[in-house]
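Data from run-v6.cif: mmCIF, C-alpha atoms
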data_query
#
loop_
_atom_site.label_atom_id
_atom_site.label_comp_id
_atom_site.auth_asym_id
_atom_site.auth_seq_id
_atom_site.Cartn_x
_atom_site.Cartn_y
_atom_site.Cartn_z
CA MET A 111 106.66 92.34 95.32
CA VAL A 112 103.81 90.69 97.19
CA VAL A 113 103.20 93.61 99.53
CA GLU A 114 102.97 96.06 96.66
CA THR A 115 100.53 93.82 94.78
CA LEU A 116 98.22 93.42 97.77
CA GLU A 117 98.33 97.14 98.43
CA GLN A 118 97.55 97.81 94.78
CA GLN A 119 94.60 95.37 94.76
CA ARG A 120 93.22 96.89 97.92
CA ALA A 121 93.62 100.36 96.49
CA ASP A 122 91.81 99.26 93.29
CA LEU A 123 88.85 98.03 95.34
CA ILE A 124 88.73 101.25 97.35
CA PHE A 125 88.91 103.47 94.26
CA HIS A 126 86.26 101.55 92.46
CA ALA A 127 84.01 101.66 95.51
CA LEU A 128 84.48 105.41 95.97
CA SER A 129 84.13 106.28 92.28
CA ASP A 130 80.33 106.35 92.62
CA VAL A 131 78.49 109.30 94.17
CA THR A 132 75.81 107.13 95.85
CA ARG A 133 78.43 104.92 97.45
CA ARG A 134 80.35 107.93 98.73
CA ASP A 135 77.11 109.23 100.24
CA ILE A 136 76.44 105.85 101.88
CA VAL A 137 79.91 105.94 103.46
CA ARG A 138 79.27 109.46 104.73
CA ARG A 139 75.90 108.50 106.26
CA ALA A 140 77.31 105.30 107.74
CA MET A 141 80.01 107.37 109.43
CA GLU A 142 77.31 109.01 111.54
CA GLY A 143 76.44 105.60 113.02
CA GLY A 144 74.93 102.29 111.96
CA GLN A 145 72.21 102.61 109.31
CA SER A 146 69.94 99.83 108.10
CA VAL A 147 69.89 99.19 104.36
CA SER A 148 66.20 100.11 104.27
CA ALA A 149 66.91 103.42 106.04
CA LEU A 150 69.72 104.13 103.56
CA ALA A 151 67.51 103.19 100.60
CA ARG A 152 65.03 105.95 101.47
CA HIS A 153 67.64 108.57 100.55
CA TYR A 154 68.16 107.46 96.97
CA PRO A 155 65.90 107.29 93.92
CA MET A 156 66.62 103.61 93.35
CA SER A 157 65.42 100.21 94.47
CA PHE A 158 66.28 98.56 97.75
CA ALA A 159 68.15 95.88 95.75
CA ALA A 160 70.25 98.52 93.98
CA VAL A 161 71.23 100.10 97.31
CA GLN A 162 72.03 96.63 98.64
CA LYS A 163 74.39 96.12 95.68
CA HIS A 164 76.14 99.41 96.42
CA VAL A 165 76.58 98.35 100.04
CA ALA A 166 78.07 95.03 98.87
CA VAL A 167 80.67 96.88 96.76
CA LEU A 168 81.60 98.98 99.80
CA GLU A 169 81.80 95.86 101.94
CA ARG A 170 84.20 94.17 99.51
CA ALA A 171 86.41 97.25 99.66
CA GLU A 172 86.17 97.01 103.46
CA LEU A 173 84.87 100.57 103.60
CA VAL A 174 81.80 99.44 105.55
CA ASP A 175 80.97 96.55 107.86
CA LYS A 176 77.59 94.95 108.50
CA ARG A 177 76.48 94.28 112.03
CA ARG A 178 73.33 92.40 112.99
CA GLN A 179 70.95 94.13 115.37
CA GLY A 180 67.73 92.22 115.98
CA ARG A 181 66.07 91.60 112.62
CA GLU A 182 68.11 94.27 110.91
CA GLN A 183 71.60 94.46 109.48
CA LEU A 184 73.24 97.78 110.24
CA VAL A 185 75.80 99.24 107.87
CA GLN A 186 78.64 101.08 109.57
CA SER A 187 81.76 102.75 108.23
CA ASN A 188 85.04 101.02 108.71
CA ILE A 189 87.11 103.88 110.06
CA ASP A 190 90.41 102.08 109.55
CA THR A 191 89.86 101.75 105.84
CA ILE A 192 88.79 105.36 105.54
CA ARG A 193 91.95 106.34 107.37
CA HIS A 194 93.85 104.21 104.90
CA ALA A 195 92.25 106.15 102.04
CA PHE A 196 93.28 109.43 103.64
CA ARG A 197 96.79 108.12 104.20
CA LEU A 198 97.03 108.11 100.43
CA LEU A 199 97.04 111.92 100.62
CA ASP A 200 100.26 111.51 102.60
CA GLN A 201 101.78 109.75 99.63
CA LEU A 202 101.01 112.72 97.43
CA GLU A 203 102.69 114.87 100.03
CA ALA A 204 105.75 112.60 99.87
CA ILE A 205 105.91 112.89 96.08
CA TRP A 206 105.78 116.70 96.23
CA ARG A 207 108.20 116.94 99.15
CA SER A 208 110.68 114.91 97.16
CA ARG A 209 110.11 117.06 94.04
CA ILE A 210 110.64 120.20 96.10
CA ASP A 211 113.86 118.79 97.58
CA ARG A 212 115.23 118.19 94.08
CA PHE A 213 113.87 121.58 92.97
CA GLY A 214 115.84 123.23 95.78
CA GLU A 215 119.03 121.32 94.95
CA VAL A 216 118.93 122.16 91.23
CA LEU A 217 118.11 125.78 92.06
CA ALA A 218 121.00 126.03 94.51
CA GLU A 219 123.39 124.66 91.85
CA GLN A 220 122.11 127.21 89.31
CA ASN A 221 122.42 129.96 91.82
CA GLU A 222 125.94 129.11 92.94
CA GLY A 223 128.19 132.10 92.58
CA ALA A 224 125.27 134.38 91.75
CA THR A 225 124.53 137.14 94.22
CA LYS A 226 121.06 137.49 95.56
CA MET B 154 114.19 122.45 105.33
CA THR B 155 112.75 124.21 102.34
CA VAL B 156 109.19 122.91 102.88
CA LYS B 157 107.47 125.27 105.29
CA ASP B 158 103.92 124.05 105.43
CA VAL B 159 101.65 121.28 104.18
CA HIS B 160 97.89 121.38 104.35
CA LYS B 161 95.67 118.47 103.37
CA ASP B 162 91.96 119.01 103.05
CA SER B 163 90.14 115.74 102.47
CA GLN B 164 86.80 117.55 101.98
CA ALA B 165 88.09 119.85 99.26
CA MET B 166 90.35 117.03 98.02
CA THR B 167 93.26 119.44 97.97
CA MET B 168 96.83 119.29 99.13
CA THR B 169 98.74 122.53 99.52
CA ILE B 170 102.48 122.58 100.05
CA THR B 171 104.51 125.74 100.65
CA ALA B 172 108.27 125.96 100.27
CA GLU B 173 110.76 128.76 100.55
CA PHE B 174 113.89 129.07 98.43
CA ASP B 175 116.94 131.20 98.95
CA ALA B 176 116.87 132.48 95.38
CA PRO B 177 115.18 135.36 93.55
CA ILE B 178 111.88 134.74 91.76
CA GLY B 179 113.44 134.73 88.25
CA PRO B 180 115.54 131.57 88.65
CA VAL B 181 112.70 129.87 90.58
CA TRP B 182 110.34 130.50 87.66
CA GLN B 183 112.98 129.15 85.27
CA MET B 184 112.71 125.79 87.05
CA TRP B 185 109.20 125.57 85.54
CA GLU B 186 109.76 127.50 82.32
CA ASN B 187 112.95 125.84 81.13
CA PRO B 188 112.21 122.22 80.11
CA ARG B 189 115.83 121.16 80.78
CA GLN B 190 115.48 122.43 84.35
CA LEU B 191 112.01 120.95 84.80
CA GLU B 192 113.17 117.46 83.87
CA ARG B 193 115.86 117.59 86.53
CA TRP B 194 113.34 117.65 89.38
CA TRP B 195 109.96 116.42 88.10
CA GLY B 196 110.70 112.67 88.23
CA PRO B 197 112.40 110.77 91.04
CA PRO B 198 116.04 109.74 90.41
CA THR B 199 114.94 106.23 89.41
CA TYR B 200 112.26 107.59 87.02
CA PRO B 201 113.95 110.61 85.40
CA ALA B 202 111.67 112.72 83.22
CA THR B 203 112.35 113.75 79.64
CA VAL B 204 110.30 116.70 78.43
CA VAL B 205 109.37 116.31 74.76
CA THR B 206 107.25 119.41 74.13
CA HIS B 207 106.89 122.41 76.41
CA ASP B 208 104.55 125.29 75.64
CA LEU B 209 103.75 127.36 78.72
CA THR B 210 100.98 129.47 77.20
CA PRO B 211 97.25 129.20 77.98
CA GLY B 212 95.96 126.13 76.10
CA GLY B 213 99.53 124.98 75.46
CA THR B 214 100.74 121.51 76.37
CA VAL B 215 103.76 119.92 77.97
CA ASN B 216 104.46 116.30 77.02
CA TYR B 217 106.95 114.16 78.86
CA PHE B 218 107.93 110.60 79.58
CA MET B 219 109.74 109.01 82.48
CA THR B 220 112.24 106.18 82.17
CA GLY B 221 112.00 103.47 84.81
CA PRO B 222 114.64 101.01 86.00
CA ALA B 223 113.34 98.28 83.64
CA GLY B 224 113.30 100.67 80.68
CA GLU B 225 109.53 101.28 80.90
CA GLN B 226 108.48 104.74 79.77
CA PRO B 227 105.23 105.98 81.30
CA ARG B 228 104.03 109.14 79.57
CA GLY B 229 102.36 112.20 80.99
CA TRP B 230 101.01 115.56 79.87
CA TRP B 231 100.06 118.98 81.15
CA ARG B 232 97.45 121.25 79.64
CA VAL B 233 98.26 124.83 80.59
CA ILE B 234 95.26 126.77 81.92
CA GLU B 235 96.78 130.04 83.09
CA VAL B 236 100.23 131.63 83.03
CA ASP B 237 101.35 134.89 84.55
CA ALA B 238 105.16 134.78 84.54
CA PRO B 239 106.90 134.77 86.95
CA HIS B 240 104.14 134.56 89.56
CA HIS B 241 101.52 132.06 88.55
CA LEU B 242 101.04 128.84 86.61
CA GLU B 243 97.98 126.64 86.55
CA PHE B 244 97.77 123.38 84.65
CA GLU B 245 95.86 120.13 84.42
CA ASP B 246 98.06 117.07 84.37
CA GLY B 247 97.40 113.48 83.55
CA PHE B 248 98.68 110.28 82.06
CA ALA B 249 99.10 109.60 78.37
CA ASP B 250 99.09 106.50 76.19
CA GLN B 251 102.26 105.32 74.46
CA ALA B 252 101.61 107.70 71.55
CA GLY B 253 101.54 110.61 74.01
CA ASN B 254 97.78 111.27 73.70
CA PRO B 255 95.90 111.98 76.96
CA ASP B 256 94.46 108.76 78.39
CA SER B 257 90.84 109.61 79.19
CA ASN B 258 90.48 106.54 81.43
CA MET B 259 93.03 107.93 83.82
CA PRO B 260 92.35 110.63 86.39
CA THR B 261 93.77 114.14 86.13
CA THR B 262 94.61 116.78 88.72
CA ILE B 263 94.71 120.56 88.62
CA THR B 264 97.89 122.14 89.99
CA ARG B 265 98.22 125.83 90.84
CA VAL B 266 101.71 127.21 91.37
CA THR B 267 102.12 130.61 93.00
CA LEU B 268 105.50 132.32 93.43
CA GLY B 269 105.99 135.34 95.67
CA GLU B 270 109.01 137.54 96.37
CA GLN B 271 110.02 137.59 100.02
CA PRO B 272 111.39 140.70 101.78
CA ASP B 273 114.73 138.91 102.30
CA GLY B 274 115.13 138.33 98.55
CA GLY B 275 114.03 134.70 98.69
CA THR B 276 110.99 133.20 96.99
CA LEU B 277 107.94 131.51 98.44
CA MET B 278 106.38 128.80 96.27
CA THR B 279 102.91 127.43 96.95
CA ILE B 280 101.67 124.36 95.11
CA GLU B 281 98.02 123.49 95.37
CA THR B 282 96.86 120.20 93.87
CA THR B 283 93.14 119.51 93.55
CA PHE B 284 91.50 116.26 92.58
CA PRO B 285 88.31 116.35 90.51
CA SER B 286 86.76 113.65 92.70
CA LEU B 287 87.63 111.42 95.59
CA GLY B 288 87.60 108.47 93.19
CA ALA B 289 90.17 110.22 91.01
CA MET B 290 92.27 111.01 94.03
CA GLU B 291 92.32 107.41 95.10
CA GLN B 292 93.13 106.16 91.64
CA MET B 293 95.85 108.72 91.16
CA LEU B 294 97.49 108.04 94.46
CA ALA B 295 97.41 104.30 93.89
CA MET B 296 99.50 104.91 90.83
CA GLY B 297 101.74 107.09 92.93
CA ILE B 298 102.57 104.13 95.13
CA GLU B 299 105.07 102.96 92.57
CA GLU B 300 106.62 106.39 92.28
CA GLY B 301 106.64 106.66 96.07
CA MET B 302 108.56 103.42 96.36
CA SER B 303 111.07 104.18 93.64
CA LEU B 304 111.54 107.62 95.14
CA ALA B 305 112.39 106.11 98.50
CA VAL B 306 115.00 103.95 96.79
CA GLY B 307 116.34 107.02 95.01
CA GLN B 308 116.70 108.83 98.30
CA ILE B 309 118.77 105.98 99.69
CA ASP B 310 120.98 106.22 96.59
CA GLY B 311 121.34 109.92 97.23
CA LEU B 312 122.25 109.37 100.88
CA LEU B 313 124.87 106.82 99.90
CA ARG B 314 126.38 109.23 97.38
CA THR B 315 126.41 111.95 100.02
CA SER B 316 128.25 109.80 102.55
CA VAL B 317 130.81 108.76 99.92
CA THR B 318 131.43 112.41 99.07
CA THR B 319 131.84 113.27 102.73
CA LEU B 320 134.52 110.63 103.23
#

Just give me the structure of the file as structure tokens.
Amino acid sequence: MVVETLEQQRADLIFHALSDVTRRDIVRRAMEGGQSVSALARHYPMSFAAVQKHVAVLERAELVDKRRQGREQLVQSNIDTIRHAFRLLDQLEAIWRSRIDRFGEVLAEQNEGATK
Amino acid sequence: MTVKDVHKDSQAMTMTITAEFDAPIGPVWQMWENPRQLERWWGPPTYPATVVTHDLTPGGTVNYFMTGPAGEQPRGWWRVIEVDAPHHLEFEDGFADQAGNPDSNMPTTITRVTLGEQPDGGTLMTIETTFPSLGAMEQMLAMGIEEGMSLAVGQIDGLLRTSVTTL
């Protein structure tokens, strides 16, 4: 199914992007408002170019957007994508709700005729 | 509704779900302890689970596979961390390769099950699932998409069966 494949590819990009501690920290900082790459780079013991690469990975996953302000490019979190990531928690909820429904049905069958 | 409460904490990367059952604690615990019972509810109707080994002791393992509509058989495992029958079970669970060995490239979760007797004779079950990292959570849930979809299909099957029975 096309929809499933696209969803899966998008999820793969998001997971890969969020699997790195520096990138998660960049997303967190960018959530507090636009940050220039040079401002972000000051927080990490790595080169400006390395931070730029991390930002590019986040951009591909659509977790951050870049916005030009004067001479600088500001990195800001893409709230919609972050919401999408959190919606995944809802899927886990759906899996467990469905397990618990079956759990209850099997239990009720077992318990039929037995007094509480 | 048996599910009473769901709490999702994206900071702690934890989902907690609480359900109440109109049955004493003994039979509720059996749903986890008896592999034949466990396989009746662990997988969705379109991916039924078959439990191969089942050792609910600290350090023990549970190995299972699921059978999908196309005959595919994804494998999974639990590693039991703590057991205090019939009140508490804690295990790590993950995916396995075709030989049944834990796949270290795949994320795992820690699940804590707590059962409590209710004054009315029923049982309260709390399931808390924690992800080791946000990355693992994302990866895990992406793989859940397939289960989520097949589960939805299974529910439609169930509804159809119900309406046929009612007629």

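Nearest residue to Thr199 in chain B among B:Gln183, B:Gln226, B:Gly213, B:Pro177 is B:Gln226, counting only C-alpha atoms.
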
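Between CA of Val233 in chain B and CA of Gly269 in chain B the separation is 19.9 Å.
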
(request) Go through A:Ala218, A:Ala151, A:Met141, A:Val161 and flag the residue nearest chain B, using all atoms listed in the file for the distances. (result)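 Closest to chain B of all the choices is A:Ala218.
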
(request) Using all atoms listed in the file, pick whichever of B:Arg228, B:Lys161, B:Arg265, B:His241 has the shortest atom-to-atom distance to Glu186 in chain B. (result)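 Going through B:Arg228, B:Lys161, B:Arg265, B:His241 one by one, the smallest distance to Glu186 in chain B is for B:His241.
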
(request) Could you jot down the CA of Val205 in chain B to CA of Gly179 in chain B separation for me, Å, one decimal place? (result) 23.2 Å

(message) What's around Glu173 in chain B at 7 Å? Count only C-alpha atoms, leave out sequence neighbours fewer than 6 positions away in its own chain, and write the answer as a list in words.
(response)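 So, after excluding close chain neighbours, the residues are Thr155, Val156, Lys157, Thr276, Leu277 and Met278 of chain B.
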
(message) Give me, as a ChimeraX atom specification, all polymer residues having an atom no more than 10 Å from Ala159 in chain A, counting all atoms listed in the file and skipping those fewer than 5 positions away in the same chain.
(response) /A:147-148,151,164-165

(request) Please evaluate the PyMOL selection byres ((chain A and resi 187) around 8) against the displayed coordinates and give the resulting residues as an MDAnalysis selection string. (result) chainID A and resid 137:138 140:141 143:144 173:175 185:186 188:189 192

Picked residues, the PyMOL selection byres ((chain A and resi 184) around 6), expected as an mmCIF file with C-alpha atoms, keeping the file's coordinate frame:
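Written output follows (result_39.cif):
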data_model
loop_
_atom_site.group_PDB
_atom_site.id
_atom_site.type_symbol
_atom_site.label_atom_id
_atom_site.label_comp_id
_atom_site.auth_asym_id
_atom_site.auth_seq_id
_atom_site.Cartn_x
_atom_site.Cartn_y
_atom_site.Cartn_z
ATOM 1 C CA GLY A 144 74.930 102.290 111.960
ATOM 2 C CA GLN A 145 72.210 102.610 109.310
ATOM 3 C CA SER A 146 69.940 99.830 108.100
ATOM 4 C CA LYS A 176 77.590 94.950 108.500
ATOM 5 C CA ARG A 177 76.480 94.280 112.030
ATOM 6 C CA GLN A 183 71.600 94.460 109.480
ATOM 7 C CA VAL A 185 75.800 99.240 107.870
#

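Taking CA of Arg152 in chain A as the reference point, CA of Arg120 in chain A is found at 29.8 Å.
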
(request) Using only C-alpha atoms, find the one residue out of A:Asp122, A:Asp200, A:Thr132, A:Gly214 that sits nearest to Pro155 in chain A. (result)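 Closest to Pro155 in chain A, using only C-alpha atoms: A:Thr132.
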
(message) Calculated over all atoms listed in the file, which of the candidates A:Ser157, A:Leu168, A:Glu222, A:Gln201 has the smallest distance to chain B?
(response) A:Gln201

(request) Enumerate, as an MDAnalysis selection string, the residues matched when the PyMOL selection byres ((chain B and resi 194) around 8) is run on the file above. (result) (chainID A and resid 209:210 212:213 216) or (chainID B and resid 190:193 195:197)

Write out as a short mmCIF file (atom, residue, chain, number, x, y, z; two decimals) with C-alpha atoms, keeping the file's coordinate frame which residues come within 7 Å of Ile170 in chain B when counting all atoms listed in the file, dropping same-chain ones fewer than 5 positions away.
data_model
loop_
_atom_site.label_atom_id
_atom_site.label_comp_id
_atom_site.auth_asym_id
_atom_site.auth_seq_id
_atom_site.Cartn_x
_atom_site.Cartn_y
_atom_site.Cartn_z
CA ASP B 158 103.92 124.05 105.43
CA VAL B 159 101.65 121.28 104.18
CA HIS B 160 97.89 121.38 104.35
CA THR B 279 102.91 127.43 96.95
CA ILE B 280 101.67 124.36 95.11
CA GLU B 281 98.02 123.49 95.37
#

(message) Under the rule that all atoms listed in the file are counted, which of A:Leu150, A:Arg133, A:Leu123, A:Leu128 is the nearest residue to chain B?
(response)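 Closest residue, counting all atoms listed in the file: A:Leu128.
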